[in-house]
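Novice: This is protein.cif (mmCIF, C-alpha atoms).
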```
data_run
loop_
_atom_site.group_PDB
_atom_site.id
_atom_site.type_symbol
_atom_site.label_atom_id
_atom_site.label_comp_id
_atom_site.auth_asym_id
_atom_site.auth_seq_id
_atom_site.Cartn_x
_atom_site.Cartn_y
_atom_site.Cartn_z
ATOM 1 C CA MET G 1 48.827 24.816 53.882
ATOM 2 C CA GLN G 2 49.772 24.375 50.252
ATOM 3 C CA PHE G 3 47.999 26.260 47.473
ATOM 4 C CA VAL G 4 46.264 23.147 46.136
ATOM 5 C CA ASP G 5 45.003 22.299 49.630
ATOM 6 C CA ALA G 6 43.650 25.820 50.132
ATOM 7 C CA LEU G 7 42.016 25.708 46.706
ATOM 8 C CA SER G 8 40.308 22.396 47.439
ATOM 9 C CA VAL G 9 39.060 23.634 50.823
ATOM 10 C CA LEU G 10 37.709 26.792 49.160
ATOM 11 C CA ALA G 11 35.964 24.707 46.487
ATOM 12 C CA VAL G 12 34.350 22.407 49.078
ATOM 13 C CA LEU G 13 33.266 25.187 51.443
ATOM 14 C CA CYS G 14 31.826 27.443 48.748
ATOM 15 C CA THR G 15 30.108 24.570 46.946
ATOM 16 C CA GLY G 16 28.777 23.371 50.280
ATOM 17 C CA VAL G 17 26.634 26.472 50.770
ATOM 18 C CA PRO G 18 24.336 26.017 47.731
ATOM 19 C CA TYR G 19 24.524 22.240 48.250
ATOM 20 C CA GLY G 20 23.074 22.635 51.743
ATOM 21 C CA VAL G 21 20.358 25.000 50.566
ATOM 22 C CA ASP G 22 19.301 22.756 47.690
ATOM 23 C CA VAL G 23 19.253 19.614 49.828
ATOM 24 C CA PHE G 24 17.291 21.438 52.542
ATOM 25 C CA PHE G 25 14.621 22.511 50.076
ATOM 26 C CA ALA G 26 14.503 19.100 48.385
ATOM 27 C CA VAL G 27 14.070 17.253 51.679
ATOM 28 C CA ILE G 28 12.244 19.740 53.922
ATOM 29 C CA GLY G 29 11.229 22.963 52.210
ATOM 30 C CA GLN G 30 9.310 21.373 49.362
ATOM 31 C CA ARG G 31 7.050 19.440 51.743
ATOM 32 C CA ALA G 32 6.544 22.380 54.133
ATOM 33 C CA LEU G 33 5.671 24.723 51.277
ATOM 34 C CA ALA G 34 3.176 22.238 49.841
ATOM 35 C CA GLU G 35 1.240 22.509 53.112
ATOM 36 C CA SER G 36 1.487 26.315 53.361
ATOM 37 C CA ASP G 37 -1.117 28.772 52.188
ATOM 38 C CA ASP G 38 -0.548 30.949 49.142
ATOM 39 C CA ALA G 39 0.060 34.175 51.064
ATOM 40 C CA ALA G 40 2.728 32.499 53.221
ATOM 41 C CA ILE G 41 4.477 31.058 50.156
ATOM 42 C CA ALA G 42 4.378 34.428 48.422
ATOM 43 C CA ASP G 43 5.777 36.324 51.381
ATOM 44 C CA VAL G 44 8.409 33.914 52.694
ATOM 45 C CA MET G 45 9.701 32.642 49.354
ATOM 46 C CA GLY G 46 9.664 36.123 47.827
ATOM 47 C CA ARG G 47 11.781 37.424 50.714
ATOM 48 C CA LEU G 48 14.093 34.373 50.666
ATOM 49 C CA HIS G 49 14.699 34.776 46.934
ATOM 50 C CA GLN G 50 15.238 38.504 47.345
ATOM 51 C CA VAL G 51 18.048 37.919 49.844
ATOM 52 C CA ALA G 52 19.443 34.668 48.411
ATOM 53 C CA ASP G 53 19.706 35.906 44.828
ATOM 54 C CA ALA G 54 21.773 38.829 46.104
ATOM 55 C CA ARG G 55 24.080 36.786 48.371
ATOM 56 C CA MET G 56 24.364 33.243 47.005
ATOM 57 C CA PRO G 57 26.158 34.004 43.725
ATOM 58 C CA ILE G 58 29.415 34.719 45.550
ATOM 59 C CA PHE G 59 29.435 31.163 46.907
ATOM 60 C CA GLY G 60 28.388 29.544 43.639
ATOM 61 C CA VAL G 61 30.819 31.495 41.475
ATOM 62 C CA THR G 62 33.714 31.043 43.902
ATOM 63 C CA GLY G 63 32.998 27.318 44.270
ATOM 64 C CA LEU G 64 32.815 26.838 40.499
ATOM 65 C CA LEU G 65 35.973 28.855 39.821
ATOM 66 C CA ALA G 66 37.908 27.064 42.564
ATOM 67 C CA THR G 67 36.768 23.712 41.185
ATOM 68 C CA ILE G 68 37.788 24.702 37.657
ATOM 69 C CA ALA G 69 41.177 25.843 38.961
ATOM 70 C CA LEU G 70 41.594 22.580 40.844
ATOM 71 C CA ALA G 71 40.796 20.641 37.659
ATOM 72 C CA ALA G 72 43.213 22.784 35.668
ATOM 73 C CA ILE G 73 46.141 22.033 37.978
ATOM 74 C CA SER G 74 45.348 18.339 38.380
ATOM 75 C CA PRO G 75 47.427 16.005 36.212
ATOM 76 C CA ILE G 76 45.307 14.802 33.261
ATOM 77 C CA GLY G 77 43.931 11.277 33.596
ATOM 78 C CA THR G 78 44.352 11.014 37.357
ATOM 79 C CA PRO G 79 41.480 10.227 39.722
ATOM 80 C CA VAL G 80 41.642 13.800 41.017
ATOM 81 C CA SER G 81 41.228 15.216 37.509
ATOM 82 C CA TRP G 82 38.260 12.929 36.773
ATOM 83 C CA LEU G 83 36.645 13.760 40.105
ATOM 84 C CA THR G 84 37.054 17.511 39.630
ATOM 85 C CA LEU G 85 35.694 17.298 36.079
ATOM 86 C CA SER G 86 32.708 15.338 37.408
ATOM 87 C CA ALA G 87 32.231 17.994 40.087
ATOM 88 C CA ILE G 88 32.250 20.695 37.414
ATOM 89 C CA ALA G 89 29.604 18.758 35.479
ATOM 90 C CA GLY G 90 27.396 18.578 38.577
ATOM 91 C CA LEU G 91 27.869 22.287 39.249
ATOM 92 C CA LEU G 92 26.974 23.168 35.667
ATOM 93 C CA VAL G 93 23.838 21.002 35.721
ATOM 94 C CA GLN G 94 22.718 22.708 38.928
ATOM 95 C CA LEU G 95 23.546 26.141 37.517
ATOM 96 C CA SER G 96 21.646 25.501 34.287
ATOM 97 C CA LEU G 97 18.551 24.351 36.203
ATOM 98 C CA TYR G 98 18.819 27.407 38.425
ATOM 99 C CA LEU G 99 19.204 29.855 35.538
ATOM 100 C CA THR G 100 16.529 28.362 33.276
ATOM 101 C CA VAL G 101 13.850 27.402 35.796
ATOM 102 C CA ALA G 102 14.418 28.778 39.291
ATOM 103 C CA LYS G 103 15.855 32.245 38.610
ATOM 104 C CA PRO G 104 12.940 33.512 36.476
ATOM 105 C CA ILE G 105 10.536 32.299 39.186
ATOM 106 C CA ASN G 106 12.672 33.878 41.917
ATOM 107 C CA THR G 107 12.534 37.188 40.053
ATOM 108 C CA LYS G 108 8.735 37.077 39.731
ATOM 109 C CA MET G 109 8.322 36.242 43.417
ATOM 110 C CA THR G 110 10.784 38.935 44.504
ATOM 111 C CA GLU G 111 9.108 41.607 42.408
ATOM 112 C CA ALA G 112 5.678 40.615 43.738
ATOM 113 C CA VAL G 113 6.740 40.692 47.381
ATOM 114 C CA GLN G 114 8.298 44.115 46.857
ATOM 115 C CA ARG G 115 4.917 45.300 45.550
ATOM 116 C CA LYS G 116 3.255 43.569 48.532
ATOM 117 C CA GLU G 117 1.283 41.424 46.104
ATOM 118 C CA VAL G 118 0.330 37.750 46.170
ATOM 119 C CA LEU G 119 0.563 36.404 42.646
ATOM 120 C CA THR G 120 -2.533 34.526 41.508
ATOM 121 C CA ASP G 121 -0.317 31.729 40.171
ATOM 122 C CA ILE G 122 1.965 31.536 43.224
ATOM 123 C CA ARG G 123 1.220 27.859 43.853
ATOM 124 C CA GLU G 124 1.964 26.972 40.215
ATOM 125 C CA LEU G 125 5.195 28.974 40.330
ATOM 126 C CA GLN G 126 6.260 27.218 43.527
ATOM 127 C CA ASN G 127 5.395 23.820 42.032
ATOM 128 C CA ARG G 128 7.491 24.645 38.968
ATOM 129 C CA TRP G 129 10.402 25.727 41.214
ATOM 130 C CA ASP G 130 9.991 22.516 43.223
ATOM 131 C CA SER G 131 10.012 20.429 40.031
ATOM 132 C CA VAL G 132 13.784 20.924 39.650
ATOM 133 C CA ILE G 133 14.950 21.091 43.265
ATOM 134 C CA VAL G 134 15.555 17.346 43.620
ATOM 135 C CA ALA G 135 17.603 17.323 40.411
ATOM 136 C CA ARG G 136 19.531 20.359 41.639
ATOM 137 C CA ALA G 137 20.195 18.640 44.965
ATOM 138 C CA ILE G 138 21.372 15.469 43.217
ATOM 139 C CA ALA G 139 23.696 17.476 40.956
ATOM 140 C CA MET G 140 25.116 19.277 43.985
ATOM 141 C CA THR G 141 25.507 15.977 45.854
ATOM 142 C CA LEU G 142 27.545 14.672 42.924
ATOM 143 C CA ALA G 143 29.661 17.831 42.924
ATOM 144 C CA ILE G 144 30.339 17.934 46.649
ATOM 145 C CA GLY G 145 30.955 14.169 46.821
ATOM 146 C CA CYS G 146 33.480 14.363 43.999
ATOM 147 C CA LEU G 147 35.188 17.397 45.535
ATOM 148 C CA VAL G 148 35.476 15.783 48.954
ATOM 149 C CA THR G 149 36.805 12.581 47.424
ATOM 150 C CA ALA G 150 39.295 14.498 45.255
ATOM 151 C CA THR G 151 40.431 16.475 48.295
ATOM 152 C CA SER G 152 41.075 13.248 50.215
ATOM 153 C CA LEU G 153 43.343 12.052 47.382
ATOM 154 C CA LEU G 154 45.515 15.165 47.309
#
```
Spell out the structure here as structure tokens.

Specialist:
Amino acid sequence: MQFVDALSVLAVLCTGVPYGVDVFFAVIGQRALAESDDAAIADVMGRLHQVADARMPIFGVTGLLATIALAAISPIGTPVSWLTLSAIAGLLVQLSLYLTVAKPINTKMTEAVQRKEVLTDIRELQNRWDSVIVARAIAMTLAIGCLVTATSLL
């Protein structure tokens, strides 16, 4: 396998992890959580964020760096370069929504679950988190679609 092929596979696989999580929560998790009681949301989401915020960055960072590297070695003006730049844009949109909206909520929920506490505003926090999950999933769909398409052109 050539370096560029390995790089594109790494970009797709690592980007695919947060893509799958975001799409899952946009399509399934959001609806299931809306029908859950506050204590269940507090416990399950607090624990999920506790684990995910510790483990997911490796996939996101590696996927972003591999995509940037792929863009950097792609000849300027080619379909592959445009696709990888579009993928980077999608990844950065998702990352900005995560850092500005989701991460502060994740931190509050994680801290509360560690204290064995149900926050009084847990439903509002979950609704705020849910308010960006569809946009995050769309941004990740753009990124993964562009990466897969770019990979097929290599």

Novice: Can you tell me how far CA of Ala150 (chain G) sits from CA of Pro79 (chain G), in Å to one decimal?

Specialist: 7.3 Å

Novice: Carefully work through the PyMOL selection byres ((chain G and resi 121) around 12) for this structure and note down the residues it includes, as a PyMOL selection string.

Specialist: chain G and resi 38-39+41-42+105+108-109+112+117-120+122-128

Novice: I'd like the interatomic distance between CA of Thr15 (chain G) and CA of Gly63 (chain G), to a tenth of an Å.

Specialist: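 If I compute the distance from CA of Thr15 (chain G) to CA of Gly63 (chain G), I get 4.8 Å.
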
Novice: List as an NGL selection string the protein and nucleic acid residues near Leu142 (chain G), meaning an atom at most 10 Å away when all atoms listed in the file are counted, but skip any in the same chain fewer than 3 places from it.

Specialist: :G and (19 or 83 or 86-91 or 136-139 or 145-147)

Novice: Which is closer to Leu64 (chain G) than all the others in G:Ile144, G:Val21, G:Val27, G:Ala135, using all atoms listed in the file?

Specialist: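 Going through G:Ile144, G:Val21, G:Val27, G:Ala135 one by one, the smallest distance to Leu64 (chain G) is for G:Ile144.
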
Novice: Please write the residues picked by the PyMOL selection byres ((chain G and resi 71) around 8) on this file as an MDAnalysis selection string.

Specialist: chainID G and resid 67:70 72:74 80:81 84:85

Novice: Restricting the calculation to only C-alpha atoms: of G:Asp22, G:His49, G:Gly16, G:Ser36, which residue gets closest to Glu111 (chain G)?

Specialist: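 Of G:Asp22, G:His49, G:Gly16, G:Ser36, the one nearest Glu111 (chain G) is G:His49, counting only C-alpha atoms.
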
Novice: Calculated over only C-alpha atoms, which of the candidates G:Ala40, G:Ala102, G:Phe3, G:Cys14 has the smallest distance to Phe59 (chain G)?

Specialist: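 Going through G:Ala40, G:Ala102, G:Phe3, G:Cys14 one by one, the smallest distance to Phe59 (chain G) is for G:Cys14.
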
Novice: Nearest residue to Arg55 (chain G) out of G:Leu154, G:Ile76, G:Val17, G:Trp129, using all atoms listed in the file?

Specialist: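 When distances to Arg55 (chain G) are compared using all atoms listed in the file, the smallest one comes from G:Val17.
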
Novice: At what distance in Å, to one decimal, does CA of Leu65 (chain G) lie from CA of Gln30 (chain G)?

Specialist: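 Atom-to-atom, CA of Gln30 (chain G) and CA of Leu65 (chain G) are spaced 29.3 Å apart.
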
Novice: Taking into account all atoms listed in the file, which residue in the set G:Ser131, G:Gln50, G:Ser8, G:Ser152 is nearest to Thr107 (chain G)?

Specialist: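 Of the candidates, the smallest distance to Thr107 (chain G) is held by G:Gln50.
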
Novice: Find the residues around Thr110 (chain G) up to 10 Å (only C-alpha atoms counted), leave out those fewer than 6 positions away in its own chain, and share them as a list in words.

Specialist: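 Close residues of Thr110 (chain G): Ala42, Asp43, Val44, Met45, Gly46, Arg47, Leu48, His49, Gln50, Val51, Asp53, Pro104, Lys116 and Glu117 of chain G.
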